[in-house]
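Printed here is target-v3.txt (compact mmCIF, C-alpha atoms and all ligand atoms):
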```txt
# COMPACT_ATOMS: atom_id res chain seq x y z
CA MET A 1 -23.43 16.23 -22.96
CA ALA A 2 -24.22 12.67 -24.01
CA HIS A 3 -22.73 10.08 -21.67
CA ALA A 4 -20.71 8.52 -24.51
CA GLU A 5 -18.89 11.82 -24.98
CA ARG A 6 -18.12 12.26 -21.30
CA LEU A 7 -14.44 12.33 -20.42
CA LEU A 8 -13.92 10.27 -17.29
CA LEU A 9 -11.68 12.18 -14.94
CA ALA A 10 -9.71 11.09 -11.86
CA GLY A 11 -6.50 12.08 -10.13
CA VAL A 12 -4.23 11.76 -7.13
CA MET A 13 -3.93 14.35 -4.36
CA GLY A 14 -0.67 14.66 -2.46
CA TRP A 15 1.83 17.25 -1.18
CA PRO A 16 4.30 17.01 -2.84
CA ILE A 17 2.87 15.00 -5.73
CA SER A 18 5.60 14.87 -8.39
CA HIS A 19 6.99 11.55 -7.02
CA SER A 20 3.66 9.71 -7.45
CA ARG A 21 3.62 6.88 -9.97
CA SER A 22 -0.19 6.79 -10.00
CA PRO A 23 -0.61 8.99 -13.11
CA GLU A 24 1.61 6.66 -15.16
CA LEU A 25 -0.13 3.59 -13.76
CA HIS A 26 -3.67 4.77 -14.47
CA ARG A 27 -2.81 6.31 -17.84
CA TYR A 28 -1.31 2.99 -18.92
CA TRP A 29 -4.57 1.21 -18.04
CA LEU A 30 -6.71 3.93 -19.69
CA SER A 31 -4.79 3.48 -22.90
CA ARG A 32 -4.74 -0.31 -22.70
CA HIS A 33 -8.52 -0.46 -22.23
CA GLY A 34 -9.28 2.28 -24.78
CA ILE A 35 -11.13 4.35 -22.17
CA ARG A 36 -11.71 8.02 -22.91
CA GLY A 37 -10.41 9.32 -19.61
CA SER A 38 -7.74 11.34 -17.92
CA TYR A 39 -5.82 10.93 -14.65
CA VAL A 40 -4.01 13.94 -13.25
CA PRO A 41 -1.57 14.69 -10.40
CA LEU A 42 -3.11 17.22 -7.98
CA ALA A 43 -0.75 19.15 -5.70
CA VAL A 44 -2.98 19.84 -2.69
CA ARG A 45 -1.66 21.57 0.43
CA PRO A 46 -2.79 19.89 3.68
CA GLU A 47 -4.86 22.93 4.69
CA ARG A 48 -6.73 22.83 1.35
CA LEU A 49 -7.61 19.11 1.43
CA LEU A 50 -11.24 19.67 2.44
CA ASP A 51 -11.72 22.25 -0.34
CA ALA A 52 -10.07 19.94 -2.86
CA LEU A 53 -12.23 16.95 -1.91
CA LYS A 54 -15.40 19.04 -1.96
CA GLY A 55 -14.43 20.34 -5.40
CA LEU A 56 -14.20 16.89 -7.00
CA SER A 57 -17.90 16.63 -7.75
CA ALA A 58 -18.19 20.17 -9.17
CA LEU A 59 -15.19 19.53 -11.43
CA GLY A 60 -16.76 16.35 -12.80
CA PHE A 61 -14.24 13.93 -11.26
CA CYS A 62 -15.25 10.27 -10.78
CA GLY A 63 -12.88 10.22 -7.82
CA SER A 64 -9.31 10.63 -6.68
CA ASN A 65 -6.56 8.76 -4.96
CA VAL A 66 -5.07 10.43 -1.91
CA THR A 67 -1.47 9.93 -0.87
CA ILE A 68 1.03 11.28 1.67
CA PRO A 69 0.33 13.38 3.74
CA HIS A 70 -3.47 13.19 3.27
CA LYS A 71 -4.37 9.53 3.89
CA GLU A 72 -5.43 9.86 7.55
CA ALA A 73 -6.96 13.33 7.30
CA ALA A 74 -9.06 12.39 4.26
CA LEU A 75 -10.73 9.57 6.20
CA ALA A 76 -12.37 12.13 8.48
CA LEU A 77 -13.49 14.34 5.57
CA VAL A 78 -15.43 11.92 3.35
CA ASP A 79 -19.10 10.98 3.85
CA ARG A 80 -18.68 7.19 4.13
CA VAL A 81 -15.69 4.95 4.88
CA ASP A 82 -15.59 1.22 4.21
CA ALA A 83 -14.77 -1.27 6.98
CA MET A 84 -11.21 -2.08 5.82
CA ALA A 85 -10.25 1.61 5.57
CA ARG A 86 -11.71 2.27 9.01
CA ARG A 87 -9.65 -0.60 10.40
CA ILE A 88 -6.47 0.72 8.78
CA GLY A 89 -7.28 4.26 9.89
CA ALA A 90 -6.57 5.82 6.49
CA ILE A 91 -8.01 6.01 2.98
CA ASN A 92 -6.18 6.11 -0.34
CA THR A 93 -9.17 6.24 -2.69
CA VAL A 94 -12.15 8.61 -2.81
CA VAL A 95 -15.08 7.88 -5.11
CA VAL A 96 -17.68 10.52 -6.01
CA ALA A 97 -21.20 9.10 -5.74
CA GLU A 98 -24.11 10.06 -8.06
CA ASP A 99 -25.33 12.68 -5.57
CA GLY A 100 -21.85 14.20 -5.19
CA SER A 101 -21.17 12.66 -1.77
CA LEU A 102 -17.82 10.94 -1.18
CA ASP A 103 -16.96 7.31 -0.37
CA GLY A 104 -13.55 6.48 1.08
CA PHE A 105 -11.68 3.20 0.56
CA ASN A 106 -8.25 1.81 1.28
CA THR A 107 -6.84 -0.50 -1.39
CA ASP A 108 -3.38 -0.99 0.19
CA ALA A 109 -4.39 -4.21 1.98
CA PHE A 110 -5.72 -5.66 -1.29
CA GLY A 111 -2.53 -4.55 -3.08
CA TYR A 112 -0.32 -6.15 -0.47
CA ILE A 113 -2.07 -9.54 -0.59
CA GLU A 114 -2.14 -9.53 -4.39
CA SER A 115 1.60 -8.83 -4.47
CA LEU A 116 2.26 -11.92 -2.34
CA LEU A 117 -0.08 -14.07 -4.43
CA GLU A 118 1.55 -12.87 -7.65
CA ALA A 119 5.00 -13.78 -6.34
CA ARG A 120 3.88 -17.00 -4.74
CA PRO A 121 0.61 -18.41 -6.10
CA GLY A 122 -1.03 -20.56 -3.45
CA TRP A 123 0.41 -18.46 -0.60
CA ARG A 124 -1.80 -18.66 2.50
CA ALA A 125 -1.96 -16.29 5.46
CA ASP A 126 -2.61 -19.18 7.84
CA ALA A 127 0.57 -21.07 6.79
CA GLY A 128 2.38 -19.99 9.98
CA PRO A 129 3.30 -16.99 12.14
CA ALA A 130 3.89 -13.65 10.40
CA VAL A 131 6.41 -11.12 11.72
CA ILE A 132 5.70 -7.49 10.83
CA LEU A 133 8.32 -4.84 11.54
CA GLY A 134 6.92 -1.31 11.81
CA ALA A 135 3.75 0.29 13.13
CA GLY A 136 3.19 3.20 10.74
CA GLY A 137 0.43 3.56 8.16
CA SER A 138 1.73 0.77 5.91
CA ALA A 139 2.20 -1.64 8.81
CA ARG A 140 -1.45 -1.05 9.75
CA ALA A 141 -2.51 -1.91 6.18
CA VAL A 142 -0.35 -5.07 6.13
CA THR A 143 -1.62 -6.12 9.57
CA ALA A 144 -5.25 -5.61 8.53
CA ALA A 145 -4.65 -7.51 5.29
CA LEU A 146 -3.05 -10.53 6.97
CA ALA A 147 -5.68 -10.60 9.75
CA GLU A 148 -8.49 -10.49 7.19
CA ARG A 149 -6.90 -13.33 5.23
CA GLY A 150 -6.96 -15.52 8.32
CA ALA A 151 -3.44 -15.20 9.80
CA LYS A 152 -3.44 -17.03 13.13
CA GLU A 153 -0.44 -15.26 14.69
CA ILE A 154 0.97 -11.84 13.81
CA ARG A 155 4.05 -10.75 15.76
CA LEU A 156 4.26 -6.97 15.55
CA LEU A 157 7.48 -5.19 16.48
CA ASN A 158 8.20 -1.50 16.27
CA ARG A 159 11.05 0.73 17.40
CA THR A 160 8.51 2.78 19.38
CA ARG A 161 6.82 0.02 21.33
CA ALA A 162 3.70 2.05 22.21
CA ARG A 163 2.63 2.21 18.55
CA ALA A 164 2.80 -1.59 18.19
CA ASP A 165 0.92 -2.00 21.49
CA ALA A 166 -1.81 0.33 20.24
CA ILE A 167 -2.30 -1.72 17.05
CA ALA A 168 -2.32 -4.99 19.01
CA ARG A 169 -4.95 -3.57 21.38
CA GLU A 170 -7.05 -2.31 18.53
CA PHE A 171 -6.87 -5.46 16.40
CA GLY A 172 -6.82 -7.96 19.25
CA PRO A 173 -5.74 -11.55 18.58
CA PRO A 174 -4.06 -12.66 16.32
CA VAL A 175 -1.84 -9.55 16.75
CA VAL A 176 0.77 -9.67 19.53
CA ALA A 177 3.16 -6.76 20.12
CA LEU A 178 6.73 -7.70 21.08
CA PRO A 179 9.73 -5.52 22.06
CA TRP A 180 11.86 -4.23 19.16
CA GLY A 181 14.93 -5.68 20.90
CA GLU A 182 13.47 -9.19 20.42
CA ARG A 183 13.04 -8.97 16.65
CA GLU A 184 15.64 -11.64 15.90
CA GLU A 185 14.14 -14.16 18.36
CA ALA A 186 10.68 -13.36 16.93
CA LEU A 187 11.77 -14.81 13.56
CA ALA A 188 11.88 -18.37 14.93
CA GLY A 189 9.27 -20.53 13.24
CA ALA A 190 7.90 -17.66 11.12
CA ALA A 191 6.35 -18.29 7.69
CA LEU A 192 6.40 -14.64 6.63
CA LEU A 193 8.61 -11.66 7.48
CA VAL A 194 7.47 -8.19 6.42
CA ASN A 195 9.51 -5.02 6.59
CA ALA A 196 6.98 -2.19 6.90
CA THR A 197 9.50 0.31 8.32
CA SER A 198 11.26 2.90 6.18
CA GLN A 199 14.63 1.22 6.86
CA GLY A 200 16.42 -0.02 3.75
CA MET A 201 14.86 2.68 1.62
CA GLU A 202 17.10 4.86 -0.52
CA ARG A 203 18.96 7.37 1.70
CA GLN A 204 17.99 5.40 4.84
CA PRO A 205 20.21 2.94 6.72
CA PRO A 206 19.48 -0.75 6.20
CA LEU A 207 17.27 -2.54 8.70
CA GLU A 208 19.43 -3.96 11.49
CA LEU A 209 18.39 -7.60 11.54
CA SER A 210 20.13 -10.95 11.46
CA LEU A 211 18.01 -13.56 9.67
CA ALA A 212 19.82 -16.47 11.37
CA ARG A 213 16.67 -17.71 13.13
CA LEU A 214 14.31 -17.33 10.19
CA PRO A 215 13.29 -20.65 8.56
CA ILE A 216 14.54 -20.95 4.96
CA ALA A 217 10.97 -21.76 3.89
CA ALA A 218 9.75 -18.34 5.09
CA LEU A 219 8.72 -15.71 2.57
CA VAL A 220 10.46 -12.35 3.04
CA SER A 221 8.58 -9.27 1.94
CA ASP A 222 9.73 -5.66 1.93
CA ILE A 223 7.19 -2.98 1.16
CA VAL A 224 9.97 -0.49 0.40
CA TYR A 225 10.33 -0.31 -3.41
CA ILE A 226 13.21 2.15 -3.81
CA PRO A 227 15.51 0.29 -4.28
CA LEU A 228 13.67 -2.75 -5.66
CA GLU A 229 16.04 -5.06 -3.81
CA THR A 230 16.63 -3.70 -0.31
CA PRO A 231 19.56 -4.97 1.79
CA LEU A 232 17.01 -7.12 3.68
CA LEU A 233 15.78 -8.79 0.47
CA ALA A 234 19.34 -9.28 -0.79
CA ALA A 235 20.32 -10.99 2.49
CA ALA A 236 17.19 -13.16 2.42
CA ARG A 237 17.74 -14.18 -1.22
CA LYS A 238 21.38 -15.08 -0.55
CA ARG A 239 20.42 -17.48 2.23
CA GLY A 240 17.69 -19.09 0.12
CA ASN A 241 14.44 -17.42 1.24
CA ALA A 242 11.87 -16.48 -1.40
CA THR A 243 11.44 -12.69 -1.56
CA VAL A 244 8.79 -10.16 -2.64
CA ASN A 245 9.62 -6.50 -3.22
CA GLY A 246 7.32 -3.53 -2.62
CA LEU A 247 6.57 -2.77 -6.27
CA GLY A 248 3.76 -5.35 -6.48
CA MET A 249 1.87 -3.66 -3.64
CA LEU A 250 2.21 -0.28 -5.36
CA LEU A 251 0.94 -1.65 -8.68
CA HIS A 252 -1.87 -3.83 -7.34
CA GLN A 253 -3.32 -1.19 -4.97
CA GLY A 254 -4.17 0.84 -8.08
CA ARG A 255 -6.41 -1.86 -9.58
CA PRO A 256 -9.56 -1.51 -7.41
CA ALA A 257 -9.23 2.29 -7.60
CA PHE A 258 -9.11 2.15 -11.42
CA LYS A 259 -12.17 -0.13 -11.39
CA ALA A 260 -14.03 2.33 -9.13
CA PHE A 261 -13.14 5.33 -11.32
CA PHE A 262 -13.31 3.86 -14.82
CA GLY A 263 -15.38 0.66 -14.54
CA VAL A 264 -12.78 -1.96 -15.55
CA MET A 265 -10.64 -4.15 -13.26
CA PRO A 266 -7.19 -3.85 -14.89
CA GLU A 267 -4.24 -6.26 -14.72
CA VAL A 268 -0.62 -5.80 -13.74
CA THR A 269 1.10 -6.76 -16.98
CA PRO A 270 4.85 -7.41 -17.41
CA GLU A 271 4.93 -4.33 -19.66
CA LEU A 272 3.44 -2.15 -16.90
CA ARG A 273 5.87 -3.54 -14.35
CA ARG A 274 8.81 -2.77 -16.67
CA MET A 275 7.49 0.71 -17.32
CA ILE A 276 7.21 1.60 -13.63
CA GLU A 277 10.49 -0.18 -12.79
CA ALA A 278 12.19 2.12 -15.30
CA THR A 279 11.14 5.10 -13.16
CA ILE A 280 12.82 3.69 -10.02
N1 LIG B 301 4.89 -0.66 -1.67
C1 LIG B 301 4.01 0.26 -1.43
O1 LIG B 301 2.98 0.39 -2.11
C2 LIG B 301 4.23 1.19 -0.27
C3 LIG B 301 3.19 2.02 0.19
C4 LIG B 301 3.44 2.88 1.26
C5 LIG B 301 4.67 2.92 1.84
N2 LIG B 301 5.66 2.10 1.39
C6 LIG B 301 6.99 2.09 2.04
O2 LIG B 301 6.79 1.78 3.40
C7 LIG B 301 7.61 2.57 4.23
C8 LIG B 301 6.84 2.91 5.50
O3 LIG B 301 5.73 3.71 5.14
P1 LIG B 301 4.69 4.27 6.20
O4 LIG B 301 3.71 5.09 5.44
O5 LIG B 301 4.18 3.19 7.06
O6 LIG B 301 5.63 5.25 7.06
P2 LIG B 301 5.44 5.77 8.53
O7 LIG B 301 3.99 5.81 8.90
O8 LIG B 301 6.24 7.03 8.61
O9 LIG B 301 6.16 4.65 9.43
C9 LIG B 301 7.55 4.47 9.41
C10 LIG B 301 7.90 3.23 10.22
O10 LIG B 301 9.32 3.03 10.12
C11 LIG B 301 9.86 2.95 11.45
N3 LIG B 301 11.21 3.49 11.51
C12 LIG B 301 11.64 4.69 11.08
N4 LIG B 301 12.95 4.83 11.33
C13 LIG B 301 13.37 3.71 11.96
C14 LIG B 301 14.62 3.26 12.48
N5 LIG B 301 15.72 4.00 12.41
N6 LIG B 301 14.67 2.02 13.02
C15 LIG B 301 13.55 1.24 13.11
N7 LIG B 301 12.34 1.62 12.64
C16 LIG B 301 12.26 2.84 12.07
C17 LIG B 301 8.91 3.77 12.30
O11 LIG B 301 9.07 3.41 13.67
P3 LIG B 301 8.68 4.46 14.82
O12 LIG B 301 7.21 4.27 15.08
O13 LIG B 301 9.52 4.04 15.97
O14 LIG B 301 9.01 5.84 14.33
C18 LIG B 301 7.56 3.34 11.71
O15 LIG B 301 7.17 2.08 12.18
C19 LIG B 301 7.94 3.81 3.39
O16 LIG B 301 9.27 4.19 3.64
C20 LIG B 301 7.74 3.38 1.95
O17 LIG B 301 9.01 3.07 1.39
C21 LIG B 301 5.46 1.25 0.35
```

What's the structure tokens form of this structure?
Ligand SMILES: NC(=O)c1ccc[n+]([C@@H]2O[C@H](COP(=O)([O-])OP(=O)(O)OC[C@H]3O[C@@H](n4cnc5c(N)ncnc54)[C@H](OP(=O)(O)O)[C@@H]3O)[C@@H](O)[C@H]2O)c1
Amino acid sequence: MAHAERLLLAGVMGWPISHSRSPELHRYWLSRHGIRGSYVPLAVRPERLLDALKGLSALGFCGSNVTIPHKEAALALVDRVDAMARRIGAINTVVVAEDGSLDGFNTDAFGYIESLLEARPGWRADAGPAVILGAGGSARAVTAALAERGAKEIRLLNRTRARADAIAREFGPPVVALPWGEREEALAGAALLVNATSQGMERQPPLELSLARLPIAALVSDIVYIPLETPLLAAARKRGNATVNGLGMLLHQGRPAFKAFFGVMPEVTPELRRMIEATI
């Protein structure tokens, strides 16, 4: 088949997969850029992940995103992993190379930073201490992103202290793990507060946190995006802090993956944002 006729094919593997917004995101960009391609949701059971990844090349896929629960397992199954993904300990993008071998990337750190820059152009990671709440997969991506952008002090607090300690040990300075019980004191002098726990998400209790000690100039970011305005963001907005919701991270993490699959770096347009917001 002539290359011009080739249908470029990519997808997203998850279990379950019906909640994923990636098909809508990538299909919007395919249509906007007039690319003859397709992006499909792939329901892959955890025990079939290796088979599914190995099948990508034979099926003619350019690559695939991987989402919950596959992000950590997939890292161990691909042929090469880039430095950022290795640091985070998970991949969310698999690209099929010419010879059929697989490269793994993690675009969550990029997506997170882009979401802050979109909300606050000129934002800098070295503007002051960052406080990150949580030590799960997303907290690792946010920590890696801020460290790479030159954050000088990252205060990491997690309900299960050992998980924050492990990240602090692994990343070294600038990451310092503090006890969960000291999260309100930890806000003093901070320039950025990030909720990377699941608290505040739909059907979850709000994060228990008084913002009294947080400077009004601090940026407050919540990576939860259902609802778009979590109780934390509402409280921050009411007292005068600038806020960033989790939708930007979700939208921007798709951009480098789309570029890797289809060859064009797409933009997050207001129309795309409205379209995905309508699904929330
Ligand atoms: N915007 C985006 O693109 C994006 C991407 C991925 C995820 N997210 C959001 O980020 C959230 C976290 O995702 P994840 O993948 O990092 O999840 P995860 O690996 O399961 O981690 C969950 C985190 O929440 C903490 N947590 C759970 N219940 C808590 C409670 N009652 N009190 C205090 N902390 C609690 C956990 O602490 P322990 O260690 O003590 O259990 C852990 O740090 C998700 O809920 C999702 O909404 C957003």

Using only C-alpha atoms and all ligand atoms, which of A:Ala151, A:Ala90, A:Leu146, A:Leu49 sits nearest ligand LIG 301 (chain B)?
A:Ala90

Close residues, Ser38 of chain A itself excluded, 8 Å, all atoms listed in the file, min 3 positions apart in chain, as a count of residues only
7

Check every protein, DNA and RNA residue against ligand LIG 301 (chain B), keep those with an atom at most 9 Å away (counting all atoms listed in the file), and present them as an MDAnalysis selection string.
chainID A and resid 67:68 108 111:112 133:141 157:164 180 195:202 204:208 222:226 245:253

Leu156 of chain A: which residues within 7 Å, counting all atoms listed in the file, same-chain residues fewer than 6 positions away excluded, as a list in words?
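Near Leu156 of chain A, the qualifying residues are Val131, Ile132, Leu133, Ala164, Val175, Val176, Ala177 and Leu178 of chain A.
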
Please determine the residues with any atom at most 12 Å from (-7.9, 6.6, 2.1) (coordinates as given in the file, with all atoms listed in the file counting) and report them as number ranges by chain.
A: 12-14, 53, 63-78, 80-95, 102-109, 137-138, 141, 253, 257

Between atom CA of His33 of chain A and atom CA of Leu272 of chain A, what is the spacing in Å?
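Going from atom CA of Leu272 of chain A over to atom CA of His33 of chain A, I get 13.2 Å.
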
Please determine, counting all atoms listed in the file, which residue among A:Ile35, A:Ala145, A:Val220, A:Val40 has the shortest atom-to-atom distance to Ala119 of chain A.
A:Val220

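When atom CA of Glu271 of chain A is paired with atom CA of Tyr28 of chain A, their separation reads 9.6 Å.
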
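The closest residue to Leu117 of chain A, picked from A:Pro16, A:Leu219, A:Phe61, A:Leu214 and counting only C-alpha atoms, is A:Leu219.
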
Quick one, how far is atom CA of Gly128 of chain A from atom CA of Glu153 of chain A?
7.2 Å
